[in-house]
Each structure stands twice: as C-alpha cells, then as structure tokens.
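Worksheet for the structure shown next.
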Amino acid sequence: MTASTGIVGQAIVVCGLLAFAVLPCFGADRISFPTQDGVVISALIYGSGQNAVVLAHGGRFNKESWDRQAQALARSGFRVLAFDFRRAEVGRRFDVLAAVNHLRRTGAKTVSVVGASMGGDYAAEAAEADPAAIDRLVLLAAGAYTPLIHARARKLFVLSRNDVMGENTLRLPQIRNQFEKASGPKELVILEGSAHAQAIFATDQGERLMREILRFLSAR
C-alpha cells in the first residue's frame with residue numbers, strides 16, 4: 001500500500017547559501033502508508049541511506065514545516081521521513097510506529113525519531129509501547145507525560161530554559177523529572193530563551209539546536 005507519487009514542487013525544495021558555499025538540495029517524494037489500525041498517513045521522504053530519521057511535528061505544524069531541518073539531515077547522510085499526524089488524537093502513537101516501520105521495510109538499518117512538542121509526546125508513547133522500535137529518540141520540548149522506563153532508545157531531551165505551558169508554568173521541571181526517571185542512555189540539553197519546540201529553529205538558538213540533534217543522531 002506504499003505509493004510514491006513523484007517529486008514535490010519547488011515550494012518544498014529549498015537550496016541555500018552558507019558561508020558562500022552552495023548547499024545541495026533534496027527533492028521530497030510524497031508517499032503514503034497505513035498504520036496498524038487502518039489509517040493512511042501522508043509523508044515526505046528526503047535523501048537516501050540506511051540510517052533514517054522520522055520527524056514528528058508539533059500541534060500547530062505539519063510535515064512541510066520540517067523542510068529546512070529535513071534538508072540538513074539529508075545533507076548529513078540520513079534518509080528523512082516527515083509525516084502528518086491523523087486528525088483524531090486517539091491512536092497517534094500508531095502514526096509514529098507506522099513511519100518507523102515503513103523506513104525499516106524499505107531498507108533502513110537504524111531509525112531515529114525527532115518529535116517536537118505534541119509530536120514528541122506521541123513519539124514517547126510509541127517508544128514505550130514498542131521498546132525496540134526506535135534506536136534514538138529526540139524529544140524537543142516534549143516527554144513530560146510518558147515515563148520512558150522500558151524504551152531502549154538512546155534519548156535526548158532538549159528544550160528552552162524559560163519555555164512555559166498552561167498558566168505560565170515552566171516546562172523544564174516536569175521534563176527534568178521525567179528525564180530523571182527515564183532509562184539510559186540519555187541526555188538533557190537546555191537552551192537559552194523561551195521559544196517552544198520547532199519555534200526554536202527561528203531564534204538565535206536554532207543553529208545550536210540543529211548541531212545538538214545532528215551530534216546526537218550521528219554519534220557512534
């Protein structure tokens with residue numbers, strides 16, 4: 001049931017200049033695949049290779065919102081899958097697992113997941129429900145609700161120091177508490193500022209965040 005429908009148009013393909021060097025660009029293939037409970041998920045695939053990364057977006061975002069990060073990961077040699085969550089909240093961990101399983105079925109030897117905010121919370125649920133499914137897990141301002149006790153993935157918790165939720169409550173204490181409970185190996189990285197999840201990429205901490213993610217995913 002997996003079907004590629006070709007190359008995405010120029011709105012998805014971003015070429016860049018960095019320090020006067022032309023950065024390579026990757027066209028994104030549009031694909032779809034089913035979850036274990038019968039929902040069909042829409043996704044974009046960038047790059048190639050046996051080491052793959054799933055990008056799970058936050059609540060106000062979509063798969064296209066990851067384009068710049070997906071391009072950077074693809075340039076570093078990863079095959080990258082960014083997907084859209086189903087509309088219904090129930091069962092979203094199945095969306096994460098379906099993306100992981102699609103990459104494994106199509107040749108990936110390792111699969112990591114980067115989940116932002118809502119996407120990270122459902123990625124944590126998926127990692128705990130299927131402890132061996134995910135090799136490395138990046139929780140971007142996420143992971144406050146699911147104790148990661150059984151998940152075997154290496155874990156990176158990363159967020160802004162002054163990120164707040166609800167009634168102006170700092171997010172860091174709750175995430176630090178879950179970090180301390182989580183099985184290892186694990187890391188906690190605290191960035192300066194108050195930007196939340198994917199919004200960090202648009203701040204002066206964005207480059208550091210991308211470096212931390214690449215370092216974590218690439219480390220032996």
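Chain lettering (A, B, ...) mirrors the order of the structure tokens, residue numbering begins at 1 for each chain separately, and ligand numbering begins at 1 in order of display.
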Give me, as CSV, each residue of segment 51-148 of chain A that comes within 12 Å of segment 199-210 of chain A, together with its shortest interatomic pair and the distance in Å at one decimal, counting only C-alpha atoms, with rows ordered by chain and rising residue number.
```
residue,atom,partner,partner_atom,distance
A:His57,CA,A:Ala199,CA,11.2
A:Gly58,CA,A:Ala199,CA,9.8
A:Gly59,CA,A:Ala199,CA,11.8
A:Arg60,CA,A:Ala199,CA,10.4
A:Phe61,CA,A:Ala199,CA,10.1
A:Ser65,CA,A:Ala199,CA,10.3
A:Trp66,CA,A:Phe201,CA,10.0
A:Asp67,CA,A:Phe201,CA,11.6
A:Arg68,CA,A:Phe201,CA,9.4
A:Gln69,CA,A:Met210,CA,7.5
A:Ala70,CA,A:Met210,CA,10.6
A:Gln71,CA,A:Met210,CA,11.4
A:Ala72,CA,A:Met210,CA,8.4
A:Leu73,CA,A:Met210,CA,9.1
A:Ser76,CA,A:Met210,CA,11.5
A:Val114,CA,A:Met210,CA,11.2
A:Ala116,CA,A:Ala199,CA,9.6
A:Ser117,CA,A:Ala199,CA,10.3
A:Val138,CA,A:Leu209,CA,11.1
A:Leu139,CA,A:Leu209,CA,11.8
A:Leu140,CA,A:Leu209,CA,9.5
A:Ala141,CA,A:Ile200,CA,9.8
```
Report as a ChimeraX atom specification: the residues of segment 8-160 of chain A with a DSSP assignment of alpha helix (DSSP H), based on the backbone of this structure. /A:67-75,92-105,118-129
Go ahead and save the residues from that selection, with C-alpha atoms, as an mmCIF file, in the first residue's frame.
```
data_model
loop_
_atom_site.group_PDB
_atom_site.id
_atom_site.type_symbol
_atom_site.label_atom_id
_atom_site.label_comp_id
_atom_site.auth_asym_id
_atom_site.auth_seq_id
_atom_site.Cartn_x
_atom_site.Cartn_y
_atom_site.Cartn_z
ATOM 1 C CA ASP A 67 11.722 21.217 5.352
ATOM 2 C CA ARG A 68 14.877 23.070 6.417
ATOM 3 C CA GLN A 69 15.707 20.530 9.124
ATOM 4 C CA ALA A 70 14.958 17.627 6.783
ATOM 5 C CA GLN A 71 17.307 19.139 4.189
ATOM 6 C CA ALA A 72 20.079 19.478 6.794
ATOM 7 C CA LEU A 73 19.638 15.877 7.932
ATOM 8 C CA ALA A 74 19.609 14.614 4.343
ATOM 9 C CA ARG A 75 22.836 16.523 3.633
ATOM 10 C CA ARG A 92 -1.404 8.895 17.137
ATOM 11 C CA ARG A 93 1.366 6.728 18.551
ATOM 12 C CA PHE A 94 0.437 4.302 15.744
ATOM 13 C CA ASP A 95 1.293 7.056 13.235
ATOM 14 C CA VAL A 96 4.827 7.269 14.650
ATOM 15 C CA LEU A 97 5.259 3.496 14.619
ATOM 16 C CA ALA A 98 3.912 3.255 11.061
ATOM 17 C CA ALA A 99 6.533 5.780 9.903
ATOM 18 C CA VAL A 100 9.272 3.824 11.677
ATOM 19 C CA ASN A 101 8.073 0.519 10.233
ATOM 20 C CA HIS A 102 7.843 1.985 6.705
ATOM 21 C CA LEU A 103 11.506 3.003 6.868
ATOM 22 C CA ARG A 104 12.568 -0.417 8.161
ATOM 23 C CA ARG A 105 10.580 -2.194 5.447
ATOM 24 C CA MET A 118 2.871 17.123 20.654
ATOM 25 C CA GLY A 119 4.832 15.004 18.186
ATOM 26 C CA GLY A 120 7.429 14.246 20.830
ATOM 27 C CA ASP A 121 4.771 13.217 23.334
ATOM 28 C CA TYR A 122 3.301 10.718 20.854
ATOM 29 C CA ALA A 123 6.815 9.561 19.925
ATOM 30 C CA ALA A 124 7.457 8.872 23.608
ATOM 31 C CA GLU A 125 4.224 6.856 23.776
ATOM 32 C CA ALA A 126 5.335 4.880 20.715
ATOM 33 C CA ALA A 127 8.797 4.202 22.156
ATOM 34 C CA GLU A 128 7.332 2.948 25.415
ATOM 35 C CA ALA A 129 4.648 0.846 23.707
#
```
Between A:Arg211, A:Leu217, A:Phe33, A:Glu187, single out the one closest to Thr110 of chain A, counting only C-alpha atoms.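 Comparing A:Arg211, A:Leu217, A:Phe33, A:Glu187 against Thr110 of chain A, the winner is A:Leu217.
Across the model, the gap from atom CA of Leu156 of chain A to atom CA of Phe78 of chain A is 17.8 Å.
Candidate residues A:Leu188, A:Ser218, A:Thr146, A:Ser112 were compared for distance to Ala132 of chain A, and the nearest is A:Ser112, using only C-alpha atoms.
Among A:Thr106, A:Arg136, A:Ala88, A:Gly193, the residue with the shortest atom-to-atom distance to Leu214 of chain A, counting only C-alpha atoms, is A:Arg136.
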Can you list every residue in segment 45-220 of chain A that DSSP puts in strand (DSSP E), as a PyMOL selection string? chain A and resi 45-46+51-56+79-83+110-116+136-140+154-160+164-165+169-170+186-191
To one decimal in Å, tell me the separation between atom CA of Ala144 of chain A and atom CA of Leu159 of chain A.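 For atom CA of Ala144 of chain A relative to atom CA of Leu159 of chain A, the distance reads 11.4 Å.
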Just give me the gap between atom CA of Gly38 of chain A and atom CA of Ala56 of chain A in Å, one decimal is fine.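 A separation of 19.0 Å between them.
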